[in-house]
Amino acid sequence: MADVVLRNVVKNYGAVPVVHAINLDIAHGEFVVLVGPSGCGKSTTLRMIAGLEAISGGTVQIGERVVNDLPPRDRNISMVFQNYALYPHMSVRENLGFSLHIAKRSRADIEKAVAEAAEILSLTPLLDRKPGQLSGGQRQRVAMGRAIVRHPDVFLFDEPLSNLDAKLRTQMRVEIKRLHQKVGTTIIYVTHDQIEAMTLADRIVIMRDGHIVQIGTPLDVFERPVNAFVATFIGSPPMNLLPATVTGGALRLSDGTPIPLPPGLSAREGQAVHFGVRADNIMPEGHAMPPTAHMTHVEMPVTLTEPLGTETLLFGTLSGTEVQAKMLNPRPVRTGEVLRFGIALDKCHLFDAETGASLRV
Amino acid sequence: MDQGLNHRIRRRLLKAGHFIGLFLAMSLICIPGLWVVLNSFRPTVEIMAKPPVWIPSELNLDNYRAMFGGIGEGGVPVLTYFWNSLVISLTSTVIALLVGMAGGYAFARYRIPGKSAIFVGLMVTRAVPGVALSLPLFILYGRLGIIDTHFGMILVYVALNVPFTIWLIDGFFRQVPKELAEAAEIDGCTRWQAFWKVEFPVARAGIASAGIFAFLTSWNEYALASQLTRSLNSKTMPVGLMDFTSQFTLNWGGMCALAVLMIIPALVLTFLVQKHLIAGLTFGGVKG
């Protein structure tokens with residue numbers, strides 16, 4: 001087990017930079033999730049840590065060693081791939097034991113380690129099958145088993161759940177978290193799914209266009225996004241962003257609707273901003289959270305509803321922008337019905353319209 | 001009810017038509033082969049009879065006996081030809097496979113400048129009919145002094161087969177996800193070990209099928225061999241068939257007997273690797 005330190009790590013493909021001098025400190029035993037839209041450089045970063053991709057600049061350190069020039073086999077890491085990359089010509093047993101076999105460990109050692117990993121992941125009855133005879137979830141577990149058998153310093157996961165159906169994905173998510181609790185190894189996990197990131201991570205690293213945008217605990221990035229990109233990327237449904245201008249100490253939406261300035265935010269007079277509010281903080285009256293000190297109200301026609309059981313998502317239009325709101329204890333709502341919504345201002349955000357940066361102080 | 005009956009009749013007719021079509025196609029492929037086998041067991045009189053005799057009145061091993069008999073009794077040095085064919089075909093196949101694996105792997109995995117041009121170049125060599133090369137080759141070989149040697153024939157067949165094996169094996173390696181080798185490297189393999197322990201076994205079926213094609217090409221090749229072999233030193237079985245022709249006669253029975261001997265190893269080999277062959281040709285469907 002070890003900590004992982006990235007210092008000014010750069011990756012160029014020819015003249016095209018894909019990762020720009022990123023810095024990241026991952027503590028021993030931490031579960032860190034790299035998340036971002038496709039093409040943001042998260043997988044490339046992971047592959048540089050694994051040694052599958054050459055590092056164009058900066059240093060990667062695992063434990064005490066700078067591993068820049070070490071081949072993958074000398075880094076004592078293991079990796080779970082998106083397509084599992086199980087060896088199709090070997091049985092599950094051979095797949096699990098392969099790394100130990102290569103390391104020339106004794107047969108008894110290998111058997112013991114394989115049995116142990118199989119036990120942890122309930123693979124024991126499947127040991128003699130070939131990967132082709134397994135279901136998606138089982139293959140996923142074999143891939144994880146292959147990773148844990150070696151007791152590596154660091155686990156790397158490259159979108160391991162994206163080939164599974166929704167139900168299985170939720171299930172495996174829990175298993176991965178449980179696995180981390182059991183073995184306590186440092187995990188670096190790449191995904192484009194913000195729900196996976198939120199549910200699994202000790203800390204989330206949000207990347208865009210080869211830069212790290214924000215690093216923080218799941219609650220941190222959810223409650224205090226540094227910019228509009230993070231705000232809309234993290235959380236489901238995405239945060240509503242409404243264009244507005246600061247006029248006379250209050251916000252004025254583009255159609256003139258006045259909204260009081262949320263507390264704890266600093267904005268210049270006349271500044272063009274985006275007013276950010278999550279669906280959880282804009283709810284129809286009578287179907288909402290208890291009112292807080294900083295409430296304001298708007299009226300909005302409902303254009304679409306999405307019942308989810310315990311709550312219903314309401315789509316409406318406010319000052320020309322589509323807005324999603326949540327209705328707790330839902331009742332049927334007609335399309336076109338105009339409802340009065342309460343907005344919890346103390347949970348709202350302001351972002352500079354130009355830079356997207358958060359205006360929270 | 002009526003409609004159901006119609007439907008059933010139509011389906012049966014279609015099925016019968018299907019069978020008849022298949023039967024005709026298979027006849028076209030199989031009858032010449034069967035005719036060769038049949039002729040190897042019967043006397044020339046019956047072979048040459050007009051109208052043809054389909055059901056033989058007598059089957060015997062006379063042609064085989066004569067073939068293995070001494071010179072002057074219609075005998076030919078079958079075992080020497082067989083040995084020459086075997087050495088030349090096997091060696092050239094092994095070399096073509098090794099080169100094909102190296103080349104195919106490189107094409108499948110690495111970025112090479114001008115890759116597609118090189119690839120097309122390789123394929124173009126297949127478009128040149130082998131016979132067209134026989135005269136230049138003959139002159140070249142004459143100067144080098146490698147006419148009528150195993151080495152010379154092996155060289156020709158390697159050159160003939162390599163573009164094909166590269167092309168085929170490239171296709172198979174392309175279908176092996178590159179993550180498999182990466183996983184193996186992370187599991188502690190060197191690049192070399194990752195290839196031999198993971199990528200090679202996974203693509204083995206495809207490589208086996210490339211091997212069969214290469215072997216059969218060398219085994220059956222006649223045009224070039226007839227130019228570049230002279231004597232017992234290197235004459236292969238297809239060339240040996242010509243021993244049964246003389247100025248005025250053609251010993252069809254003997255020729256067929258030798259042809260049967262030629263077919264047997266090819267058949268045996270195909271049966272041995274049949275499983276691999278089918279797996280290789282339907283590779284996409286068996287990915288783990």
# chains A, B, ... in the order shown; residues from 1 in each chain; ligands from 1
$ interface_residues --of "chain A" --to "chain B" --cutoff "7 Å" --atoms "only C-alpha atoms" --output "PyMOL selection string"
chain A and resi 52+72-73+77-78+85-89+99+102-103+131-132
$ select_by_dssp --residues "region 63-225 of chain A" --states "helix (DSSP H, G or I)" --output "number ranges by chain"
A: 72-74, 92-102, 107-120, 124-126, 131-133, 136-148, 166-183, 194-200, 218-223
$ residues_around --residues "region 336-344 of chain A" --least-positions-apart "6" --cutoff "10 Å" --atoms "only C-alpha atoms" --output "number ranges by chain"
A: 259, 262, 277-304, 316, 325-327
$ select_by_dssp --residues "region 117-250 of chain A" --states "strand (DSSP E or B)" --output "PyMOL selection string"
chain A and resi 154-158+186-191+203-208+211-216+227+240-247+250
$ residues_around --residues "Lys112 (chain A)" --least-positions-apart "6" --cutoff "12 Å" --atoms "only C-alpha atoms" --output "VMD selection string"
chain A and resid 93 96 to 97 100 105 to 106 118 to 119 149 to 150
$ write_last_selection --atoms "C-alpha atoms" --output "PDB file, in the first residue's frame"
ATOM      1  CA  ARG A  93      -8.591 -20.056 -11.657  1.00  0.00           C
ATOM      2  CA  LEU A  96      -6.740 -15.194 -11.004  1.00  0.00           C
ATOM      3  CA  GLY A  97      -3.424 -16.931 -10.506  1.00  0.00           C
ATOM      4  CA  LEU A 100       1.500 -15.094  -9.231  1.00  0.00           C
ATOM      5  CA  ARG A 105       5.337 -18.254  -6.737  1.00  0.00           C
ATOM      6  CA  SER A 106       4.908 -21.787  -5.445  1.00  0.00           C
ATOM      7  CA  ALA A 118     -12.376 -16.258  -4.933  1.00  0.00           C
ATOM      8  CA  GLU A 119     -13.860 -16.388  -1.443  1.00  0.00           C
ATOM      9  CA  VAL A 149      -4.767 -11.544  -5.702  1.00  0.00           C
ATOM     10  CA  ARG A 150      -1.429  -9.770  -5.867  1.00  0.00           C
TER      11      ARG A 150
END
$ closest_residue --among "A:Asp25, A:Glu354, A:Asp153, A:Asp128" --to "Asn95 (chain A)" --atoms "only C-alpha atoms"
A:Asp128
$ residues_around --residues "Phe275 (chain A)" --least-positions-apart "2" --cutoff "8 Å" --atoms "only C-alpha atoms" --output "MDAnalysis selection string"
chainID A and resid 240:244 273 277 348:351
$ residues_around --residues "Leu79 (chain B)" --least-positions-apart "6" --cutoff "12 Å" --atoms "only C-alpha atoms" --output "PDB file with C-alpha atoms, in the first residue's frame"
ATOM      1  CA  MET B  67       4.035 -47.032 -58.478  1.00  0.00           C
ATOM      2  CA  PHE B  68       6.078 -48.387 -55.593  1.00  0.00           C
ATOM      3  CA  GLY B  69       7.650 -51.006 -57.860  1.00  0.00           C
ATOM      4  CA  SER B  85       7.408 -32.132 -50.595  1.00  0.00           C
ATOM      5  CA  LEU B  86       7.200 -32.562 -46.866  1.00  0.00           C
ATOM      6  CA  LEU B 232      15.371 -36.403 -57.056  1.00  0.00           C
ATOM      7  CA  LYS B 235      11.309 -32.724 -57.136  1.00  0.00           C
ATOM      8  CA  THR B 236       8.039 -32.441 -55.266  1.00  0.00           C
ATOM      9  CA  MET B 237       4.970 -34.623 -55.624  1.00  0.00           C
ATOM     10  CA  GLY B 240       6.395 -36.140 -59.794  1.00  0.00           C
ATOM     11  CA  LEU B 258       0.038 -40.607 -56.699  1.00  0.00           C
ATOM     12  CA  LEU B 261      -1.121 -40.048 -51.855  1.00  0.00           C
ATOM     13  CA  MET B 262      -0.798 -36.289 -52.201  1.00  0.00           C
TER      14      MET B 262
END
$ residues_around --residues "region 113-120 of chain B" --least-positions-apart "4" --cutoff "9 Å" --atoms "only C-alpha atoms" --output "NGL selection string"
:B and (107 or 124-125 or 163 or 167)
$ atom_distance --atom1 "CA of Ile234 (chain A)" --atom2 "CA of Val221 (chain A)"
7.4 Å
$ atom_distance --atom1 "CA of Leu160 (chain B)" --atom2 "CA of Phe173 (chain B)"
21.3 Å
$ decode --residues "region 11-30 of chain A" --atoms "N, CA and C atoms" --output "compact mmCIF listing (two decimals), in the first residue's frame"
# COMPACT_ATOMS: atom_id res chain seq x y z
N LYS A 11 0.88 15.06 -20.61
CA LYS A 11 0.86 14.06 -21.68
C LYS A 11 0.58 14.76 -23.00
N ASN A 12 1.44 14.56 -23.95
CA ASN A 12 1.23 15.08 -25.30
C ASN A 12 1.13 13.91 -26.26
N TYR A 13 0.20 14.02 -27.20
CA TYR A 13 0.21 13.10 -28.33
C TYR A 13 0.74 13.88 -29.51
N GLY A 14 1.98 13.66 -29.86
CA GLY A 14 2.61 14.50 -30.87
C GLY A 14 2.65 15.92 -30.34
N ALA A 15 2.04 16.85 -31.09
CA ALA A 15 2.06 18.24 -30.64
C ALA A 15 0.82 18.56 -29.82
N VAL A 16 -0.08 17.59 -29.71
CA VAL A 16 -1.36 17.87 -29.06
C VAL A 16 -1.27 17.52 -27.58
N PRO A 17 -1.38 18.53 -26.69
CA PRO A 17 -1.37 18.21 -25.27
C PRO A 17 -2.74 17.69 -24.85
N VAL A 18 -2.77 16.57 -24.12
CA VAL A 18 -4.06 16.06 -23.64
C VAL A 18 -4.17 16.13 -22.12
N VAL A 19 -3.04 16.16 -21.44
CA VAL A 19 -3.06 16.39 -20.00
C VAL A 19 -2.08 17.52 -19.71
N HIS A 20 -2.58 18.57 -19.02
CA HIS A 20 -1.77 19.78 -18.80
C HIS A 20 -1.27 19.84 -17.37
N ALA A 21 -0.04 19.49 -17.15
CA ALA A 21 0.64 19.71 -15.87
C ALA A 21 -0.28 19.57 -14.67
N ILE A 22 -0.79 18.37 -14.42
CA ILE A 22 -1.69 18.23 -13.28
C ILE A 22 -0.92 17.80 -12.03
N ASN A 23 -1.41 18.23 -10.89
CA ASN A 23 -0.84 17.89 -9.59
C ASN A 23 -1.91 17.20 -8.77
N LEU A 24 -1.54 16.11 -8.15
CA LEU A 24 -2.53 15.37 -7.38
C LEU A 24 -1.81 14.57 -6.30
N ASP A 25 -2.30 14.66 -5.08
CA ASP A 25 -1.74 13.88 -3.97
C ASP A 25 -2.81 12.92 -3.49
N ILE A 26 -2.51 11.64 -3.58
CA ILE A 26 -3.47 10.65 -3.13
C ILE A 26 -2.88 9.94 -1.92
N ALA A 27 -3.62 9.98 -0.82
CA ALA A 27 -3.07 9.42 0.42
C ALA A 27 -3.21 7.91 0.40
N HIS A 28 -2.38 7.28 1.16
CA HIS A 28 -2.39 5.86 1.35
C HIS A 28 -3.79 5.40 1.81
N GLY A 29 -4.37 4.45 1.09
CA GLY A 29 -5.66 3.90 1.49
C GLY A 29 -6.86 4.71 1.04
N GLU A 30 -6.61 5.78 0.31
CA GLU A 30 -7.71 6.65 -0.11
C GLU A 30 -8.40 6.09 -1.36
